[in-house]
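Below is run_16.txt, which holds compact mmCIF, C-alpha atoms.
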# COMPACT_ATOMS: atom_id res chain seq x y z
CA MET S 1 38.05 3.01 31.30
CA THR S 2 38.03 6.28 33.25
CA SER S 3 40.29 8.01 30.71
CA ARG S 4 38.05 6.76 27.94
CA LEU S 5 35.03 8.49 29.50
CA HIS S 6 36.88 11.79 29.16
CA SER S 7 37.90 11.25 25.53
CA ARG S 8 36.39 13.38 22.77
CA HIS S 9 35.90 10.37 20.51
CA PHE S 10 33.76 8.61 23.12
CA TRP S 11 31.40 11.53 23.56
CA ILE S 12 31.04 12.13 19.81
CA LEU S 13 30.02 8.49 19.33
CA THR S 14 27.70 8.71 22.33
CA LEU S 15 25.98 11.80 20.94
CA ALA S 16 25.66 10.24 17.49
CA ALA S 17 24.18 7.05 18.96
CA LEU S 18 21.69 9.05 21.04
CA LEU S 19 20.60 11.11 18.03
CA VAL S 20 20.16 8.05 15.80
CA ALA S 21 18.34 6.09 18.50
CA ALA S 22 16.04 9.01 19.30
CA GLY S 23 15.36 9.67 15.62
CA THR S 24 14.53 6.06 14.74
CA PHE S 25 12.39 5.68 17.86
CA SER S 26 10.49 8.86 16.95
CA LEU S 27 9.93 7.62 13.40
CA GLY S 28 8.61 4.34 14.75
CA GLN S 29 6.15 6.18 16.96
CA TRP S 30 5.07 8.34 14.00
CA GLN S 31 4.32 5.22 11.96
CA LEU S 32 2.24 3.84 14.84
CA ARG S 33 0.26 7.10 14.95
CA ARG S 34 -0.34 6.90 11.19
CA ALA S 35 -1.55 3.32 11.58
CA ALA S 36 -3.93 4.39 14.36
CA GLN S 37 -5.29 7.22 12.19
CA LYS S 38 -5.95 4.86 9.30
CA GLU S 39 -7.54 2.29 11.61
CA ALA S 40 -9.93 5.05 12.73
CA VAL S 41 -10.74 5.80 9.08
CA GLN S 42 -11.35 2.09 8.44
CA ALA S 43 -13.65 1.94 11.48
CA ALA S 44 -15.62 4.90 10.07
CA ILE S 45 -15.89 3.11 6.70
CA ASP S 46 -17.13 -0.06 8.41
CA ALA S 47 -19.68 1.99 10.36
CA LYS S 48 -20.94 3.54 7.11
CA ASN S 49 -21.33 0.10 5.57
CA LYS S 50 -23.56 -0.99 8.46
CA LEU S 51 -26.03 1.86 7.95
CA SER S 52 -29.23 1.24 6.02
CA PRO S 53 -28.81 1.90 2.28
CA LEU S 54 -29.69 5.31 0.91
CA ASP S 55 -32.45 5.52 -1.69
CA GLY S 56 -32.80 8.11 -4.42
CA SER S 57 -34.93 10.49 -2.35
CA SER S 58 -32.62 10.50 0.68
CA LEU S 59 -29.61 10.76 -1.62
CA SER S 60 -31.01 13.86 -3.30
CA ALA S 61 -32.04 15.40 0.04
CA THR S 62 -28.64 14.97 1.68
CA GLU S 63 -27.01 18.38 2.09
CA ASN S 64 -23.40 17.19 2.11
CA ILE S 65 -23.41 14.00 0.11
CA ALA S 66 -19.61 13.68 0.41
CA ASP S 67 -20.16 12.78 4.09
CA GLU S 68 -21.92 9.60 2.91
CA ILE S 69 -18.96 8.20 0.98
CA HIS S 70 -18.69 4.40 1.50
CA ARG S 71 -22.37 4.13 2.47
CA GLN S 72 -24.55 1.63 0.62
CA ALA S 73 -27.21 2.92 -1.75
CA VAL S 74 -30.04 1.43 -3.82
CA VAL S 75 -31.44 3.92 -6.32
CA GLN S 76 -33.83 3.92 -9.25
CA GLY S 77 -33.52 6.00 -12.35
CA THR S 78 -32.86 6.05 -16.09
CA TRP S 79 -29.48 5.73 -17.75
CA GLN S 80 -28.23 8.69 -19.75
CA ALA S 81 -26.59 6.34 -22.23
CA THR S 82 -25.43 9.00 -24.70
CA HIS S 83 -23.00 10.27 -22.07
CA THR S 84 -21.31 6.92 -21.33
CA VAL S 85 -17.55 7.24 -20.91
CA TYR S 86 -14.83 4.57 -20.96
CA LEU S 87 -11.84 5.32 -18.73
CA ASP S 88 -8.75 3.60 -20.12
CA ASN S 89 -5.91 1.80 -18.32
CA ARG S 90 -8.05 0.83 -15.34
CA PRO S 91 -7.34 -2.59 -13.80
CA MET S 92 -9.43 -5.34 -12.30
CA ASN S 93 -7.95 -8.60 -11.04
CA GLY S 94 -4.61 -7.71 -12.59
CA ARG S 95 -6.03 -7.08 -16.07
CA SER S 96 -6.07 -3.69 -17.74
CA GLY S 97 -9.20 -2.44 -19.43
CA PHE S 98 -11.96 0.12 -19.06
CA TRP S 99 -13.97 1.43 -16.16
CA VAL S 100 -17.34 2.26 -17.66
CA PHE S 101 -19.22 5.32 -16.37
CA THR S 102 -22.79 6.29 -17.21
CA PRO S 103 -24.84 9.08 -15.59
CA LEU S 104 -28.10 7.96 -13.96
CA MET S 105 -31.08 10.34 -13.75
CA LEU S 106 -32.58 9.69 -10.32
CA GLN S 107 -36.28 8.98 -10.22
CA GLY S 108 -38.43 11.82 -9.00
CA SER S 109 -35.63 14.30 -8.30
CA GLY S 110 -34.25 15.43 -11.62
CA GLN S 111 -30.73 15.05 -10.23
CA VAL S 112 -28.08 12.87 -11.80
CA ILE S 113 -25.34 10.75 -10.25
CA LEU S 114 -22.35 9.41 -12.13
CA VAL S 115 -22.30 5.61 -11.85
CA GLN S 116 -19.14 3.54 -12.12
CA ARG S 117 -20.92 0.57 -13.64
CA GLY S 118 -18.13 -1.96 -13.93
CA TRP S 119 -15.05 -3.10 -15.79
CA ALA S 120 -14.71 -4.35 -19.36
CA PRO S 121 -11.64 -5.64 -21.22
CA ARG S 122 -10.24 -3.75 -24.13
CA ASP S 123 -9.23 -5.01 -27.58
CA PHE S 124 -5.46 -4.54 -27.73
CA ALA S 125 -5.45 -5.36 -31.43
CA ASP S 126 -7.78 -2.42 -32.10
CA ARG S 127 -7.51 0.05 -29.25
CA SER S 128 -10.36 2.15 -30.63
CA ARG S 129 -12.86 -0.73 -30.48
CA LEU S 130 -15.28 -0.49 -27.57
CA PRO S 131 -16.33 -3.60 -25.62
CA PRO S 132 -19.97 -4.71 -25.94
CA VAL S 133 -21.72 -3.07 -22.98
CA ALA S 134 -25.52 -3.16 -22.75
CA THR S 135 -27.34 -0.15 -21.31
CA PRO S 136 -31.00 -0.97 -20.55
CA ALA S 137 -33.60 1.62 -21.45
CA GLY S 138 -36.34 2.70 -19.04
CA MET S 139 -36.35 2.57 -15.28
CA VAL S 140 -33.56 0.54 -13.64
CA THR S 141 -32.55 -0.23 -10.06
CA VAL S 142 -28.87 0.18 -9.25
CA GLN S 143 -27.21 -1.17 -6.11
CA GLY S 144 -23.85 0.18 -5.01
CA ARG S 145 -22.01 2.36 -2.57
CA ILE S 146 -21.27 6.06 -2.55
CA ALA S 147 -17.71 6.66 -3.72
CA PRO S 148 -15.40 9.57 -4.52
CA PRO S 149 -15.22 10.75 -8.14
CA PRO S 150 -13.05 8.60 -10.41
CA SER S 151 -9.38 8.72 -9.50
CA LYS S 152 -7.03 10.47 -11.88
CA LEU S 153 -4.07 8.92 -13.63
CA TYR S 154 -1.29 10.60 -15.55
CA ALA S 155 -2.83 12.72 -18.28
CA PHE S 156 -2.01 13.26 -21.95
CA LYS S 157 -3.40 16.02 -24.08
CA GLY S 158 -6.23 14.94 -26.31
CA VAL S 159 -7.47 12.07 -24.10
CA ASP S 160 -9.84 14.08 -21.93
CA ALA S 161 -12.74 14.04 -24.39
CA GLY S 162 -14.69 11.48 -26.39
CA LEU S 163 -15.87 8.02 -25.47
CA ILE S 164 -12.43 6.72 -24.44
CA ARG S 165 -10.65 8.94 -21.93
CA GLN S 166 -7.78 8.83 -19.52
CA ASN S 167 -9.45 10.84 -16.76
CA LEU S 168 -12.89 12.26 -15.99
CA ASP S 169 -13.19 15.53 -14.13
CA LEU S 170 -16.64 15.72 -12.57
CA ALA S 171 -17.01 19.52 -12.76
CA ALA S 172 -15.86 19.63 -16.39
CA PHE S 173 -18.13 16.69 -17.25
CA ARG S 174 -21.10 18.52 -15.70
CA THR S 175 -20.40 21.50 -17.96
CA GLU S 176 -19.83 19.28 -20.98
CA THR S 177 -23.07 17.31 -20.62
CA GLY S 178 -25.29 19.95 -19.08
CA LEU S 179 -26.51 17.36 -16.59
CA PRO S 180 -27.20 18.32 -12.93
CA LEU S 181 -24.61 15.89 -11.59
CA LEU S 182 -24.27 15.48 -7.84
CA GLU S 183 -21.05 17.14 -6.74
CA GLY S 184 -18.07 15.37 -5.25
CA VAL S 185 -19.37 11.79 -5.45
CA SER S 186 -20.12 8.91 -7.75
CA LEU S 187 -21.93 5.60 -7.26
CA LEU S 188 -19.82 2.45 -7.44
CA GLN S 189 -22.20 -0.22 -8.74
CA THR S 190 -21.86 -3.58 -7.00
CA GLY S 191 -23.43 -6.97 -7.46
CA SER S 192 -23.12 -9.80 -9.95
CA PRO S 193 -21.56 -9.37 -13.39
CA GLY S 194 -23.97 -8.18 -16.02
CA GLU S 195 -24.43 -6.05 -19.12
CA GLY S 196 -20.95 -7.08 -20.26
CA LEU S 197 -19.30 -5.76 -17.09
CA LEU S 198 -17.45 -7.23 -14.13
CA ARG S 199 -17.87 -5.69 -10.68
CA GLU S 200 -15.19 -7.42 -8.61
CA TRP S 201 -14.00 -4.22 -6.99
CA ALA S 202 -11.03 -4.43 -4.65
CA ALA S 203 -11.78 -3.55 -1.04
CA PRO S 204 -10.35 -0.20 0.09
CA ASN S 205 -6.80 -0.74 1.30
CA LEU S 206 -5.58 2.01 3.62
CA GLY S 207 -2.15 0.44 4.08
CA VAL S 208 -2.38 -0.07 7.86
CA ASP S 209 -0.13 -3.15 7.76
CA LYS S 210 2.49 -1.14 5.85
CA HIS S 211 2.73 1.37 8.70
CA TYR S 212 3.12 -1.39 11.29
CA GLY S 213 5.86 -2.91 9.14
CA TYR S 214 7.70 0.40 8.92
CA ALA S 215 7.31 0.92 12.67
CA PHE S 216 8.85 -2.51 13.32
CA GLN S 217 11.80 -1.62 11.10
CA TRP S 218 12.41 1.72 12.81
CA PHE S 219 12.16 0.24 16.31
CA GLY S 220 14.42 -2.62 15.26
CA LEU S 221 17.01 -0.16 13.96
CA CYS S 222 16.76 1.80 17.21
CA LEU S 223 17.36 -1.36 19.25
CA LEU S 224 20.28 -2.34 17.00
CA VAL S 225 21.94 1.06 17.52
CA VAL S 226 21.57 0.74 21.31
CA ILE S 227 22.94 -2.82 21.33
CA LEU S 228 25.93 -1.91 19.15
CA TYR S 229 26.69 1.14 21.24
CA VAL S 230 26.56 -0.77 24.53
CA TRP S 231 28.66 -3.60 23.11
CA PHE S 232 31.42 -1.59 21.43
CA GLN S 233 31.52 1.48 23.69
CA ILE S 234 30.88 -0.04 27.12
CA LEU S 235 31.14 -3.83 27.34
CA LEU S 236 34.21 -4.41 25.15
CA PRO S 237 36.23 -1.57 26.73
CA PHE S 238 35.18 -2.76 30.19
CA ARG S 239 36.34 -6.32 29.43
CA ALA S 240 39.58 -4.97 28.03
CA SER S 241 40.08 -2.90 31.19
CA LEU S 242 39.51 -5.97 33.38
CA ARG S 243 42.03 -8.01 31.42
CA ALA S 244 44.53 -5.18 31.70
CA GLN S 245 44.05 -5.02 35.49
CA ARG S 246 44.50 -8.78 35.85
CA SER S 247 47.64 -8.75 33.78
CA ASP S 248 49.02 -6.06 36.05

Now that the file is in, can you turn its structure into structure tokens?
Amino acid sequence: MTSRLHSRHFWILTLAALLVAAGTFSLGQWQLRRAAQKEAVQAAIDAKNKLSPLDGSSLSATENIADEIHRQAVVQGTWQATHTVYLDNRPMNGRSGFWVFTPLMLQGSGQVILVQRGWAPRDFADRSRLPPVATPAGMVTVQGRIAPPPSKLYAFKGVDAGLIRQNLDLAAFRTETGLPLLEGVSLLQTGSPGEGLLREWAAPNLGVDKHYGYAFQWFGLCLLVVILYVWFQILLPFRASLRAQRSD
């Protein structure tokens, strides 16, 4: 056993085990920190949801509207139906279809917010056929929550214009329509289905459980390395040394 402690092979394996154990333990801690960060973000989202809903006036008067993302809002205005856009390949409940966006001119402010009104299925037999979506004329009341602009998918040339699009860039859409769209946000309409649209939006998933799962795997690997090292480099040689001494 004493001669083994002075062998080069023993110390190489010891160093390797220490490096792997330290690395996996550090990665596990990093995953725990990421989980804590996302839990803090989720707590901020929950706090926003508990605030009183914004109305059109307070929405227009807010200096940095992006700070109000995830907050509830109830606004009144008129649909700008000629600028309705259908974003393709957007899912709801596992089905692919359209997310329908229409700008809403806010009452009394002259400002416009892009509203993600809901989801509609597409006709896969005729991909150019639009689903029947009703857009009421006159003053409407829209309930929802402040959301980021529509997320972007992979893009192909020629699908960034027209009624059916792959993506919708808010700044480019502002220039295209000439509407005074609020920057950096949209309004995700909530409530019961209506106007040919479903509104069963998935709750924001920050992936906190995923980080805890990864942390468990890294810590488990760290523990496995330690156990294997102790067993093969210390306990087995020690038992072999004892047997050798007894046989002597």

- request: Find the residues around range 177-180 of chain S up to 9 Å (all atoms listed in the file counted), leave out those fewer than 3 positions away in its own chain, and share them as a PyMOL selection string.
  value: chain S and resi 83+103+105+110-113+172-174+183

query: Counting all atoms listed in the file, what is within 10 Å of Arg34 in chain S, bar same-chain residues fewer than 3 positions away, as a ChimeraX atom specification?
result: /S:28-31,37-40,207-208,211-212,215

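Considering the residues S:Pro91, S:Gly191, S:Gly23, S:Gly184 and counting all atoms listed in the file, Pro149 in chain S has its shortest atom-to-atom contact with S:Gly184.
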
message: Just want the 12 Å neighbourhood of Ala202 in chain S, counted on all atoms listed in the file, with same-chain residues fewer than 5 positions away dropped. Output as a ChimeraX atom specification.
response: /S:91-94,118-119,188,190

Would you tabulate, counting all atoms listed in the file, all residues of range 34-124 of chain S that have an atom at most 9 Å from an atom of range 128-133 of chain S, showing the closest pair of atoms and their distance in Å to one decimal, sorted by chain then ascending number, as JSON lines?
{"residue": "S:Tyr86", "atom": "CA", "partner": "S:Leu130", "partner_atom": "CA", "distance": 8.3}
{"residue": "S:Phe98", "atom": "CA", "partner": "S:Pro131", "partner_atom": "CA", "distance": 8.7}
{"residue": "S:Val100", "atom": "CA", "partner": "S:Val133", "partner_atom": "CA", "distance": 8.7}
{"residue": "S:Ala120", "atom": "CA", "partner": "S:Pro131", "partner_atom": "CA", "distance": 6.5}
{"residue": "S:Pro121", "atom": "CA", "partner": "S:Pro131", "partner_atom": "CA", "distance": 6.7}
{"residue": "S:Arg122", "atom": "CA", "partner": "S:Pro131", "partner_atom": "CA", "distance": 6.3}
{"residue": "S:Asp123", "atom": "CA", "partner": "S:Arg129", "partner_atom": "CA", "distance": 6.3}
{"residue": "S:Phe124", "atom": "CA", "partner": "S:Arg129", "partner_atom": "CA", "distance": 8.8}

query: Using only C-alpha atoms, which of S:Leu224, S:Gly77, S:Asp88, S:Pro150 sits nearest Leu104 in chain S?
result: S:Gly77

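Using all atoms listed in the file for every distance, the candidate list S:Ser247, S:Thr14, S:Ser109, S:Gln189 yields S:Gln189 as the residue closest to Gln72 in chain S.
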
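Pairwise distance (CA of Val140 in chain S, CA of Trp201 in chain S) equals 21.2 Å.
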
field: CA of Phe10 in chain S to CA of Gln233 in chain S, straight-line distance in Å
entry: 7.5 Å

- line: From CA of His9 in chain S to CA of Leu221 in chain S the spacing works out at 22.6 Å
